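**Student:** What follows is target_27.pdb, PDB, C-alpha atoms and all ligand atoms.
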```
MODEL        1
ATOM      1  CA  MET A   1       0.000   0.000   0.000  1.00  0.00           C
ATOM      2  CA  ASN A   2       2.557   2.566   1.157  1.00  0.00           C
ATOM      3  CA  GLY A   3       5.305   0.995  -1.001  1.00  0.00           C
ATOM      4  CA  ASP A   4       4.283   2.471  -4.354  1.00  0.00           C
ATOM      5  CA  ASN A   5       5.019   6.121  -3.541  1.00  0.00           C
ATOM      6  CA  ILE A   6       7.782   7.839  -5.527  1.00  0.00           C
ATOM      7  CA  TYR A   7       9.523   8.634  -2.240  1.00  0.00           C
ATOM      8  CA  SER A   8       9.187   5.320  -0.425  1.00  0.00           C
ATOM      9  CA  ALA A   9      12.702   4.141  -1.372  1.00  0.00           C
ATOM     10  CA  ASP A  10      14.135   7.233   0.367  1.00  0.00           C
ATOM     11  CA  LEU A  11      12.642   6.275   3.714  1.00  0.00           C
ATOM     12  CA  ALA A  12      14.313   4.246   6.440  1.00  0.00           C
ATOM     13  CA  GLU A  13      10.912   3.603   8.032  1.00  0.00           C
ATOM     14  CA  ILE A  14       7.337   4.821   8.132  1.00  0.00           C
ATOM     15  CA  ILE A  15       6.535   6.143  11.579  1.00  0.00           C
ATOM     16  CA  ILE A  16       2.942   7.390  11.162  1.00  0.00           C
ATOM     17  CA  THR A  17       0.653   5.849   8.565  1.00  0.00           C
ATOM     18  CA  GLU A  18      -2.200   7.560   6.740  1.00  0.00           C
ATOM     19  CA  ASP A  19      -4.744   5.726   8.872  1.00  0.00           C
ATOM     20  CA  GLU A  20      -3.023   6.761  12.095  1.00  0.00           C
ATOM     21  CA  LEU A  21      -2.936  10.380  10.933  1.00  0.00           C
ATOM     22  CA  LYS A  22      -6.629  10.327  10.053  1.00  0.00           C
ATOM     23  CA  LYS A  23      -7.646   8.762  13.353  1.00  0.00           C
ATOM     24  CA  ARG A  24      -5.572  11.117  15.504  1.00  0.00           C
ATOM     25  CA  ILE A  25      -6.648  14.242  13.610  1.00  0.00           C
ATOM     26  CA  LYS A  26     -10.282  13.284  14.121  1.00  0.00           C
ATOM     27  CA  GLU A  27      -9.619  13.004  17.872  1.00  0.00           C
ATOM     28  CA  LEU A  28      -7.782  16.348  17.929  1.00  0.00           C
ATOM     29  CA  GLY A  29     -10.694  17.997  16.139  1.00  0.00           C
ATOM     30  CA  LYS A  30     -13.082  16.731  18.820  1.00  0.00           C
ATOM     31  CA  GLU A  31     -10.782  17.842  21.662  1.00  0.00           C
ATOM     32  CA  ILE A  32     -10.338  21.286  20.136  1.00  0.00           C
ATOM     33  CA  THR A  33     -14.059  21.704  19.459  1.00  0.00           C
ATOM     34  CA  ALA A  34     -14.869  20.784  23.060  1.00  0.00           C
ATOM     35  CA  SER A  35     -12.339  23.284  24.416  1.00  0.00           C
ATOM     36  CA  TYR A  36     -14.218  26.340  23.054  1.00  0.00           C
ATOM     37  CA  ASN A  37     -17.736  27.666  23.611  1.00  0.00           C
ATOM     38  CA  PRO A  38     -19.890  26.536  20.686  1.00  0.00           C
ATOM     39  CA  GLU A  39     -20.702  30.105  19.616  1.00  0.00           C
ATOM     40  CA  GLU A  40     -17.047  31.191  19.491  1.00  0.00           C
ATOM     41  CA  GLU A  41     -15.304  31.799  16.199  1.00  0.00           C
ATOM     42  CA  ILE A  42     -11.663  30.784  15.990  1.00  0.00           C
ATOM     43  CA  VAL A  43      -8.947  32.124  13.737  1.00  0.00           C
ATOM     44  CA  MET A  44      -6.863  29.145  12.668  1.00  0.00           C
ATOM     45  CA  VAL A  45      -3.342  30.359  11.939  1.00  0.00           C
ATOM     46  CA  CYS A  46      -1.442  27.964   9.726  1.00  0.00           C
ATOM     47  CA  ILE A  47       2.325  28.269  10.019  1.00  0.00           C
ATOM     48  CA  LEU A  48       3.508  27.845   6.440  1.00  0.00           C
ATOM     49  CA  ARG A  49       4.502  25.808   4.787  1.00  0.00           C
ATOM     50  CA  GLY A  50       4.720  22.549   6.679  1.00  0.00           C
ATOM     51  CA  ALA A  51       1.336  22.812   8.410  1.00  0.00           C
ATOM     52  CA  VAL A  52      -0.736  23.091   5.227  1.00  0.00           C
ATOM     53  CA  MET A  53      -1.863  19.448   5.061  1.00  0.00           C
ATOM     54  CA  PHE A  54      -2.568  19.310   8.777  1.00  0.00           C
ATOM     55  CA  MET A  55      -4.516  22.583   8.716  1.00  0.00           C
ATOM     56  CA  ALA A  56      -6.691  21.393   5.825  1.00  0.00           C
ATOM     57  CA  ASP A  57      -7.525  18.054   7.436  1.00  0.00           C
ATOM     58  CA  LEU A  58      -7.858  19.351  10.998  1.00  0.00           C
ATOM     59  CA  ALA A  59     -10.183  22.212  10.034  1.00  0.00           C
ATOM     60  CA  ARG A  60     -12.663  19.680   8.642  1.00  0.00           C
ATOM     61  CA  GLU A  61     -12.755  17.938  12.028  1.00  0.00           C
ATOM     62  CA  ILE A  62     -13.466  21.123  14.010  1.00  0.00           C
ATOM     63  CA  ASN A  63     -17.164  21.793  14.506  1.00  0.00           C
ATOM     64  CA  LEU A  64     -17.011  25.543  15.158  1.00  0.00           C
ATOM     65  CA  HIS A  65     -16.991  28.745  13.115  1.00  0.00           C
ATOM     66  CA  VAL A  66     -13.492  28.889  11.698  1.00  0.00           C
ATOM     67  CA  VAL A  67     -11.583  31.585   9.818  1.00  0.00           C
ATOM     68  CA  PHE A  68      -8.303  30.756   8.058  1.00  0.00           C
ATOM     69  CA  ASP A  69      -5.157  32.830   8.137  1.00  0.00           C
ATOM     70  CA  PHE A  70      -1.555  32.070   7.262  1.00  0.00           C
ATOM     71  CA  MET A  71       1.809  33.109   8.599  1.00  0.00           C
ATOM     72  CA  ASP A  72       5.144  32.186   7.120  1.00  0.00           C
ATOM     73  CA  CYS A  73       8.129  32.126   9.392  1.00  0.00           C
ATOM     74  CA  SER A  74      11.275  30.222   8.830  1.00  0.00           C
ATOM     75  CA  SER A  75      13.914  28.933  11.181  1.00  0.00           C
ATOM     76  CA  TYR A  76      15.581  26.383   8.938  1.00  0.00           C
ATOM     77  CA  GLY A  77      17.457  26.902   5.695  1.00  0.00           C
ATOM     78  CA  GLU A  78      17.857  23.845   3.523  1.00  0.00           C
ATOM     79  CA  GLY A  79      19.647  22.038   6.342  1.00  0.00           C
ATOM     80  CA  THR A  80      18.235  19.732   8.974  1.00  0.00           C
ATOM     81  CA  THR A  81      18.859  21.679  12.192  1.00  0.00           C
ATOM     82  CA  SER A  82      17.313  24.868  13.503  1.00  0.00           C
ATOM     83  CA  SER A  83      19.377  28.016  13.019  1.00  0.00           C
ATOM     84  CA  GLY A  84      17.724  29.509  16.112  1.00  0.00           C
ATOM     85  CA  VAL A  85      16.763  32.576  14.094  1.00  0.00           C
ATOM     86  CA  VAL A  86      13.072  33.172  13.253  1.00  0.00           C
ATOM     87  CA  ARG A  87      12.257  35.233  10.187  1.00  0.00           C
ATOM     88  CA  ILE A  88       8.716  36.451   9.495  1.00  0.00           C
ATOM     89  CA  ILE A  89       8.215  36.126   5.767  1.00  0.00           C
ATOM     90  CA  LYS A  90       4.450  36.647   5.702  1.00  0.00           C
ATOM     91  CA  ASP A  91       2.388  38.145   8.518  1.00  0.00           C
ATOM     92  CA  LEU A  92      -1.320  37.597   9.224  1.00  0.00           C
ATOM     93  CA  ASP A  93      -3.975  39.324   7.114  1.00  0.00           C
ATOM     94  CA  GLU A  94      -6.625  39.200   9.876  1.00  0.00           C
ATOM     95  CA  ASN A  95      -6.811  41.585  12.808  1.00  0.00           C
ATOM     96  CA  ILE A  96      -6.789  39.194  15.794  1.00  0.00           C
ATOM     97  CA  GLU A  97      -7.610  41.714  18.535  1.00  0.00           C
ATOM     98  CA  GLY A  98     -10.296  40.246  20.808  1.00  0.00           C
ATOM     99  CA  ARG A  99     -10.449  37.016  18.797  1.00  0.00           C
ATOM    100  CA  HIS A 100      -9.636  33.384  19.598  1.00  0.00           C
ATOM    101  CA  VAL A 101      -6.461  32.276  17.841  1.00  0.00           C
ATOM    102  CA  LEU A 102      -5.508  28.659  17.249  1.00  0.00           C
ATOM    103  CA  ILE A 103      -1.953  28.304  15.947  1.00  0.00           C
ATOM    104  CA  VAL A 104      -1.573  25.228  13.757  1.00  0.00           C
ATOM    105  CA  GLU A 105       1.943  23.787  13.446  1.00  0.00           C
ATOM    106  CA  ASP A 106       3.284  20.632  11.849  1.00  0.00           C
ATOM    107  CA  ILE A 107       6.179  20.124  14.244  1.00  0.00           C
ATOM    108  CA  MET A 108       7.482  21.568  17.456  1.00  0.00           C
ATOM    109  CA  ASP A 109      11.189  20.919  17.572  1.00  0.00           C
ATOM    110  CA  THR A 110      13.317  23.327  19.655  1.00  0.00           C
ATOM    111  CA  GLY A 111      10.180  25.395  20.364  1.00  0.00           C
ATOM    112  CA  ILE A 112      11.930  28.579  19.215  1.00  0.00           C
ATOM    113  CA  THR A 113       9.526  29.290  16.335  1.00  0.00           C
ATOM    114  CA  LEU A 114       6.354  28.946  18.396  1.00  0.00           C
ATOM    115  CA  LYS A 115       7.752  30.927  21.321  1.00  0.00           C
ATOM    116  CA  TYR A 116       8.524  33.778  18.967  1.00  0.00           C
ATOM    117  CA  VAL A 117       5.170  33.628  17.179  1.00  0.00           C
ATOM    118  CA  VAL A 118       3.144  33.469  20.408  1.00  0.00           C
ATOM    119  CA  GLU A 119       5.006  36.393  21.975  1.00  0.00           C
ATOM    120  CA  MET A 120       4.449  38.446  18.841  1.00  0.00           C
ATOM    121  CA  LEU A 121       0.744  37.598  18.548  1.00  0.00           C
ATOM    122  CA  LYS A 122       0.124  38.306  22.256  1.00  0.00           C
ATOM    123  CA  THR A 123       1.031  41.944  21.696  1.00  0.00           C
ATOM    124  CA  ARG A 124      -2.006  42.221  19.383  1.00  0.00           C
ATOM    125  CA  ASN A 125      -4.378  41.444  22.292  1.00  0.00           C
ATOM    126  CA  PRO A 126      -6.256  38.363  21.092  1.00  0.00           C
ATOM    127  CA  ALA A 127      -8.977  36.951  23.390  1.00  0.00           C
ATOM    128  CA  SER A 128      -6.979  33.716  23.608  1.00  0.00           C
ATOM    129  CA  ILE A 129      -4.119  31.864  21.945  1.00  0.00           C
ATOM    130  CA  LYS A 130      -3.937  28.077  21.777  1.00  0.00           C
ATOM    131  CA  ILE A 131      -1.436  25.910  19.957  1.00  0.00           C
ATOM    132  CA  VAL A 132      -1.966  22.620  18.189  1.00  0.00           C
ATOM    133  CA  THR A 133       1.032  20.765  16.800  1.00  0.00           C
ATOM    134  CA  LEU A 134       0.814  17.532  14.894  1.00  0.00           C
ATOM    135  CA  LEU A 135       4.265  16.381  16.010  1.00  0.00           C
ATOM    136  CA  GLU A 136       6.475  17.138  18.949  1.00  0.00           C
ATOM    137  CA  LYS A 137      10.087  16.105  19.595  1.00  0.00           C
ATOM    138  CA  PRO A 138      10.421  16.407  23.384  1.00  0.00           C
ATOM    139  CA  GLU A 139      14.145  15.506  23.323  1.00  0.00           C
ATOM    140  CA  ARG A 140      14.945  18.494  21.141  1.00  0.00           C
ATOM    141  CA  ARG A 141      13.214  21.169  23.188  1.00  0.00           C
ATOM    142  CA  VAL A 142      15.413  24.183  23.967  1.00  0.00           C
ATOM    143  CA  GLU A 143      12.685  26.734  24.660  1.00  0.00           C
ATOM    144  CA  LYS A 144      11.079  25.524  27.902  1.00  0.00           C
ATOM    145  CA  HIS A 145       8.604  28.359  28.344  1.00  0.00           C
ATOM    146  CA  ILE A 146       6.138  27.165  25.788  1.00  0.00           C
ATOM    147  CA  GLU A 147       3.797  24.174  25.578  1.00  0.00           C
ATOM    148  CA  ALA A 148       1.329  23.129  22.917  1.00  0.00           C
ATOM    149  CA  ASP A 149      -2.274  22.797  24.117  1.00  0.00           C
ATOM    150  CA  PHE A 150      -2.863  19.880  21.756  1.00  0.00           C
ATOM    151  CA  VAL A 151      -0.238  17.428  20.459  1.00  0.00           C
ATOM    152  CA  GLY A 152      -0.885  14.799  17.801  1.00  0.00           C
ATOM    153  CA  PHE A 153       2.143  12.572  18.295  1.00  0.00           C
ATOM    154  CA  GLU A 154       5.335  12.712  20.338  1.00  0.00           C
ATOM    155  CA  ILE A 155       8.146  11.401  18.171  1.00  0.00           C
ATOM    156  CA  PRO A 156      11.821  10.520  18.685  1.00  0.00           C
ATOM    157  CA  ASN A 157      14.614  12.763  17.443  1.00  0.00           C
ATOM    158  CA  LYS A 158      14.704  11.476  13.869  1.00  0.00           C
ATOM    159  CA  PHE A 159      14.575  13.423  10.619  1.00  0.00           C
ATOM    160  CA  VAL A 160      10.973  13.065   9.494  1.00  0.00           C
ATOM    161  CA  VAL A 161       9.359  14.008   6.200  1.00  0.00           C
ATOM    162  CA  GLY A 162       5.916  13.759   4.633  1.00  0.00           C
ATOM    163  CA  TYR A 163       2.406  15.077   5.244  1.00  0.00           C
ATOM    164  CA  GLY A 164       3.676  18.646   4.856  1.00  0.00           C
ATOM    165  CA  LEU A 165       7.171  18.156   6.253  1.00  0.00           C
ATOM    166  CA  ASP A 166      10.002  18.610   3.790  1.00  0.00           C
ATOM    167  CA  PHE A 167      13.644  18.089   3.130  1.00  0.00           C
ATOM    168  CA  ALA A 168      14.892  20.783   0.729  1.00  0.00           C
ATOM    169  CA  GLU A 169      11.214  21.437  -0.161  1.00  0.00           C
ATOM    170  CA  ARG A 170      10.543  17.863  -1.305  1.00  0.00           C
ATOM    171  CA  TYR A 171       8.496  15.077   0.329  1.00  0.00           C
ATOM    172  CA  ARG A 172       5.686  17.413   1.485  1.00  0.00           C
ATOM    173  CA  ASN A 173       3.170  15.506  -0.659  1.00  0.00           C
ATOM    174  CA  LEU A 174       4.029  12.114   0.811  1.00  0.00           C
ATOM    175  CA  PRO A 175       0.687  11.131   2.398  1.00  0.00           C
ATOM    176  CA  TYR A 176       2.237   9.659   5.556  1.00  0.00           C
ATOM    177  CA  ILE A 177       5.204  10.432   7.817  1.00  0.00           C
ATOM    178  CA  GLY A 178       8.510   8.652   7.434  1.00  0.00           C
ATOM    179  CA  VAL A 179      12.124   8.863   8.529  1.00  0.00           C
ATOM    180  CA  LEU A 180      14.480   9.992   5.780  1.00  0.00           C
ATOM    181  CA  LYS A 181      17.465   7.720   5.100  1.00  0.00           C
ATOM    182  CA  GLU A 182      20.507   9.310   6.675  1.00  0.00           C
ATOM    183  CA  GLU A 183      22.679   9.061   3.550  1.00  0.00           C
ATOM    184  CA  LEU A 184      20.294  11.447   1.772  1.00  0.00           C
ATOM    185  CA  TYR A 185      21.068  14.381   4.019  1.00  0.00           C
ATOM    186  CA  SER A 186      24.380  13.684   5.785  1.00  0.00           C
TER     187      SER A 186
HETATM  188  C1  LIG A 201       9.714  23.972  10.758  1.00  0.00           C
HETATM  189  C2  LIG A 201       8.360  23.646  11.344  1.00  0.00           C
HETATM  190  C3  LIG A 201       8.217  24.645  12.451  1.00  0.00           C
HETATM  191  C4  LIG A 201       9.648  24.847  12.921  1.00  0.00           C
HETATM  192  C5  LIG A 201       9.846  24.057  14.165  1.00  0.00           C
HETATM  193  O1  LIG A 201       9.535  24.994   9.833  1.00  0.00           O
HETATM  194  O2  LIG A 201       7.332  23.768  10.398  1.00  0.00           O
HETATM  195  O3  LIG A 201       7.672  25.858  12.001  1.00  0.00           O
HETATM  196  O4  LIG A 201      10.504  24.380  11.866  1.00  0.00           O
HETATM  197  O5  LIG A 201      11.144  24.183  14.642  1.00  0.00           O
HETATM  198  P1  LIG A 201      11.522  24.806  16.061  1.00  0.00           P
HETATM  199  O6  LIG A 201      10.557  24.292  17.082  1.00  0.00           O
HETATM  200  O7  LIG A 201      12.911  24.280  16.267  1.00  0.00           O
HETATM  201  O8  LIG A 201      11.513  26.291  15.946  1.00  0.00           O
HETATM  202  P2  LIG A 201      10.525  25.355   8.661  1.00  0.00           P
HETATM  203  O9  LIG A 201      11.249  26.610   9.034  1.00  0.00           O
HETATM  204  O10 LIG A 201      11.335  24.145   8.303  1.00  0.00           O
HETATM  205  O11 LIG A 201       9.573  25.771   7.466  1.00  0.00           O
HETATM  206  P3  LIG A 201       8.496  24.938   6.628  1.00  0.00           P
HETATM  207  O12 LIG A 201       7.318  24.681   7.543  1.00  0.00           O
HETATM  208  O13 LIG A 201       8.162  25.874   5.515  1.00  0.00           O
HETATM  209  O14 LIG A 201       9.142  23.657   6.147  1.00  0.00           O
ENDMDL
END
```
Represent the structure from my file as structure tokens, please.
**Tutor:**
Amino acid sequence: MNGDNIYSADLAEIIITEDELKKRIKELGKEITASYNPEEEIVMVCILRGAVMFMADLAREINLHVVFDFMDCSSYGEGTTSSGVVRIIKDLDENIEGRHVLIVEDIMDTGITLKYVVEMLKTRNPASIKIVTLLEKPERRVEKHIEADFVGFEIPNKFVVGYGLDFAERYRNLPYIGVLKEELYS
């Protein structure tokens, strides 16, 4: 089933299958829906580009009024480790003052990106800010003063690609999450 993808030969292993993604995202949607008042509207902020797939699937599992916005910030170049520097490439279009913001991330690694984004968005006086991340690498955390409210999967410190996550911009369209063979990036 998963073997016929153009990228499957580049993977050392598959760590999260399509079915597992679907099931967990459904659960996250329920948890998130239950955490707000039913009449509240939330502004889902997708952190480009990795969170695009997750945002699209998660939004369909959230039973609330939802508005989409997008922010592009980058901490990695074409390498595999965080540079520690966050650049805002595209800011929000929506005014979030007095509104409920849900930040949607694909992966929380060092935590530096989310810490920066949350601090910046707080200055705009939203009614609330929550974070949902599909993946989290607890071993890699540098920034201790930030936690996601909702986490899809905790994963080990391996270089993962697929379902939005890239290596040098490729592999984002792989429909599941796998570990890239080390010889491809080392
Ligand atoms: C990745 C990921 C997060 C960030 C996490 O983005 O999507 O935004 O790194 O790392 P951190 O917790 O160490 O800060 P990246 O800059 O690779 O951009 P992309 O989503 O466009 O691939």
**Student:** At a cut-off of 7 Å, using only C-alpha atoms, what residues contact segment 89-91 of chain A? Leave out same-chain residues fewer than 2 positions from it and give the result as an mmCIF file with C-alpha atoms, keeping the file's coordinate frame.
**Tutor:**
```cif
data_model
loop_
_atom_site.group_PDB
_atom_site.id
_atom_site.type_symbol
_atom_site.label_atom_id
_atom_site.label_comp_id
_atom_site.auth_asym_id
_atom_site.auth_seq_id
_atom_site.Cartn_x
_atom_site.Cartn_y
_atom_site.Cartn_z
ATOM 1 C CA MET A 71 1.809 33.109 8.599
ATOM 2 C CA ASP A 72 5.144 32.186 7.120
ATOM 3 C CA CYS A 73 8.129 32.126 9.392
ATOM 4 C CA ARG A 87 12.257 35.233 10.187
ATOM 5 C CA ASP A 93 -3.975 39.324 7.114
#
```
**Student:** Write out as a compact mmCIF listing (two decimals) with C-alpha atoms, keeping the file's coordinate frame each polymer residue (protein, DNA or RNA) that has an atom no more than 9 Å from ligand LIG 201 (chain A), with only C-alpha atoms and all ligand atoms counted.
**Tutor:**
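Written output follows (part20.txt):
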```txt
# COMPACT_ATOMS: atom_id res chain seq x y z
CA ILE A 47 2.33 28.27 10.02
CA LEU A 48 3.51 27.84 6.44
CA ARG A 49 4.50 25.81 4.79
CA GLY A 50 4.72 22.55 6.68
CA ALA A 51 1.34 22.81 8.41
CA VAL A 52 -0.74 23.09 5.23
CA ASP A 72 5.14 32.19 7.12
CA CYS A 73 8.13 32.13 9.39
CA SER A 74 11.28 30.22 8.83
CA SER A 75 13.91 28.93 11.18
CA TYR A 76 15.58 26.38 8.94
CA GLY A 77 17.46 26.90 5.70
CA GLU A 78 17.86 23.84 3.52
CA GLY A 79 19.65 22.04 6.34
CA THR A 80 18.24 19.73 8.97
CA THR A 81 18.86 21.68 12.19
CA SER A 82 17.31 24.87 13.50
CA SER A 83 19.38 28.02 13.02
CA GLY A 84 17.72 29.51 16.11
CA VAL A 85 16.76 32.58 14.09
CA VAL A 86 13.07 33.17 13.25
CA ARG A 87 12.26 35.23 10.19
CA GLU A 105 1.94 23.79 13.45
CA ASP A 106 3.28 20.63 11.85
CA ILE A 107 6.18 20.12 14.24
CA MET A 108 7.48 21.57 17.46
CA ASP A 109 11.19 20.92 17.57
CA THR A 110 13.32 23.33 19.66
CA GLY A 111 10.18 25.40 20.36
CA ILE A 112 11.93 28.58 19.22
CA THR A 113 9.53 29.29 16.34
CA LEU A 114 6.35 28.95 18.40
CA LYS A 115 7.75 30.93 21.32
CA TYR A 116 8.52 33.78 18.97
CA GLU A 136 6.48 17.14 18.95
CA LYS A 137 10.09 16.10 19.60
CA ARG A 140 14.94 18.49 21.14
CA ARG A 141 13.21 21.17 23.19
CA VAL A 142 15.41 24.18 23.97
CA GLU A 143 12.68 26.73 24.66
CA GLY A 164 3.68 18.65 4.86
CA LEU A 165 7.17 18.16 6.25
CA ASP A 166 10.00 18.61 3.79
CA PHE A 167 13.64 18.09 3.13
CA ALA A 168 14.89 20.78 0.73
CA GLU A 169 11.21 21.44 -0.16
CA ARG A 172 5.69 17.41 1.48
```
**Student:** Counting all atoms listed in the file, figure out which residue out of A:Ala34, A:Val66, A:Met44, A:Asn125 gets nearest to Leu92 of chain A.
**Tutor:**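 Smallest separation from Leu92 of chain A among the options: A:Met44.
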**Student:** Restricting the calculation to all atoms listed in the file: of A:His145, A:Arg170, A:Arg124, A:Lys181, which residue gets closest to Ile6 of chain A?
**Tutor:**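 Nearest candidate to Ile6 of chain A out of A:His145, A:Arg170, A:Arg124, A:Lys181: A:Arg170.
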**Student:** Running the PyMOL selection byres (((chain A and resi 35) around 12) and not hetatm) on this model by hand, what would come out? Give it as number ranges by chain.
**Tutor:** A: 28-34, 36-40, 42, 62-64, 100, 102, 128, 130, 149-150
**Student:** Would you kindly identify which residues have an atom no farther than 12 Å from (13.1, 7.9, 3.0), using all atoms listed in the file and the file's own coordinates, and write them out as a PyMOL selection string?
**Tutor:** chain A and resi 2-3+5-15+158-162+166-167+170-171+174+176-185
**Student:** How would the residues just chosen look if you wrote them out with C-alpha atoms as a short mmCIF file (atom, residue, chain, number, x, y, z; two decimals), keeping the file's coordinate frame?
**Tutor:**
```cif
data_model
loop_
_atom_site.label_atom_id
_atom_site.label_comp_id
_atom_site.auth_asym_id
_atom_site.auth_seq_id
_atom_site.Cartn_x
_atom_site.Cartn_y
_atom_site.Cartn_z
CA ASN A 2 2.56 2.57 1.16
CA GLY A 3 5.30 1.00 -1.00
CA ASN A 5 5.02 6.12 -3.54
CA ILE A 6 7.78 7.84 -5.53
CA TYR A 7 9.52 8.63 -2.24
CA SER A 8 9.19 5.32 -0.42
CA ALA A 9 12.70 4.14 -1.37
CA ASP A 10 14.14 7.23 0.37
CA LEU A 11 12.64 6.28 3.71
CA ALA A 12 14.31 4.25 6.44
CA GLU A 13 10.91 3.60 8.03
CA ILE A 14 7.34 4.82 8.13
CA ILE A 15 6.54 6.14 11.58
CA LYS A 158 14.70 11.48 13.87
CA PHE A 159 14.58 13.42 10.62
CA VAL A 160 10.97 13.06 9.49
CA VAL A 161 9.36 14.01 6.20
CA GLY A 162 5.92 13.76 4.63
CA ASP A 166 10.00 18.61 3.79
CA PHE A 167 13.64 18.09 3.13
CA ARG A 170 10.54 17.86 -1.30
CA TYR A 171 8.50 15.08 0.33
CA LEU A 174 4.03 12.11 0.81
CA TYR A 176 2.24 9.66 5.56
CA ILE A 177 5.20 10.43 7.82
CA GLY A 178 8.51 8.65 7.43
CA VAL A 179 12.12 8.86 8.53
CA LEU A 180 14.48 9.99 5.78
CA LYS A 181 17.46 7.72 5.10
CA GLU A 182 20.51 9.31 6.68
CA GLU A 183 22.68 9.06 3.55
CA LEU A 184 20.29 11.45 1.77
CA TYR A 185 21.07 14.38 4.02
#
```
**Student:** How many Å lie between atom CA of Glu20 of chain A and atom CA of Ile129 of chain A, rounded to one decimal?
**Tutor:**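 About the pair atom CA of Glu20 of chain A and atom CA of Ile129 of chain A: they are 27.0 Å apart.
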**Student:** Suppose you want the space between atom CA of Glu154 of chain A and atom CA of Leu135 of chain A; what is it in Å?
**Tutor:**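 Atom CA of Glu154 of chain A sits 5.8 Å away from atom CA of Leu135 of chain A.
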**Student:** What are the centre and edge lengths in Å, to one decimal, of the axis-aligned box around all listed atoms of segment 120-132 of chain A with 5 Å added on each side, as lines of an AutoDock Vina configuration file?
**Tutor:**
```
center_x = -2.3
center_y = 32.4
center_z = 20.9
size_x = 23.4
size_y = 29.6
size_z = 15.4
```
**Student:** Restricting the calculation to all atoms listed in the file: of A:Ile88, A:Ile25, A:Val118, A:Val43, which residue gets closest to Glu61 of chain A?
**Tutor:**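 Closest to Glu61 of chain A, using all atoms listed in the file: A:Ile25.
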**Student:** What does the structure give for the distance between atom CA of Glu18 of chain A and atom CA of Glu41 of chain A, in Å to one decimal?
**Tutor:**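 Going from atom CA of Glu18 of chain A over to atom CA of Glu41 of chain A covers 29.1 Å.
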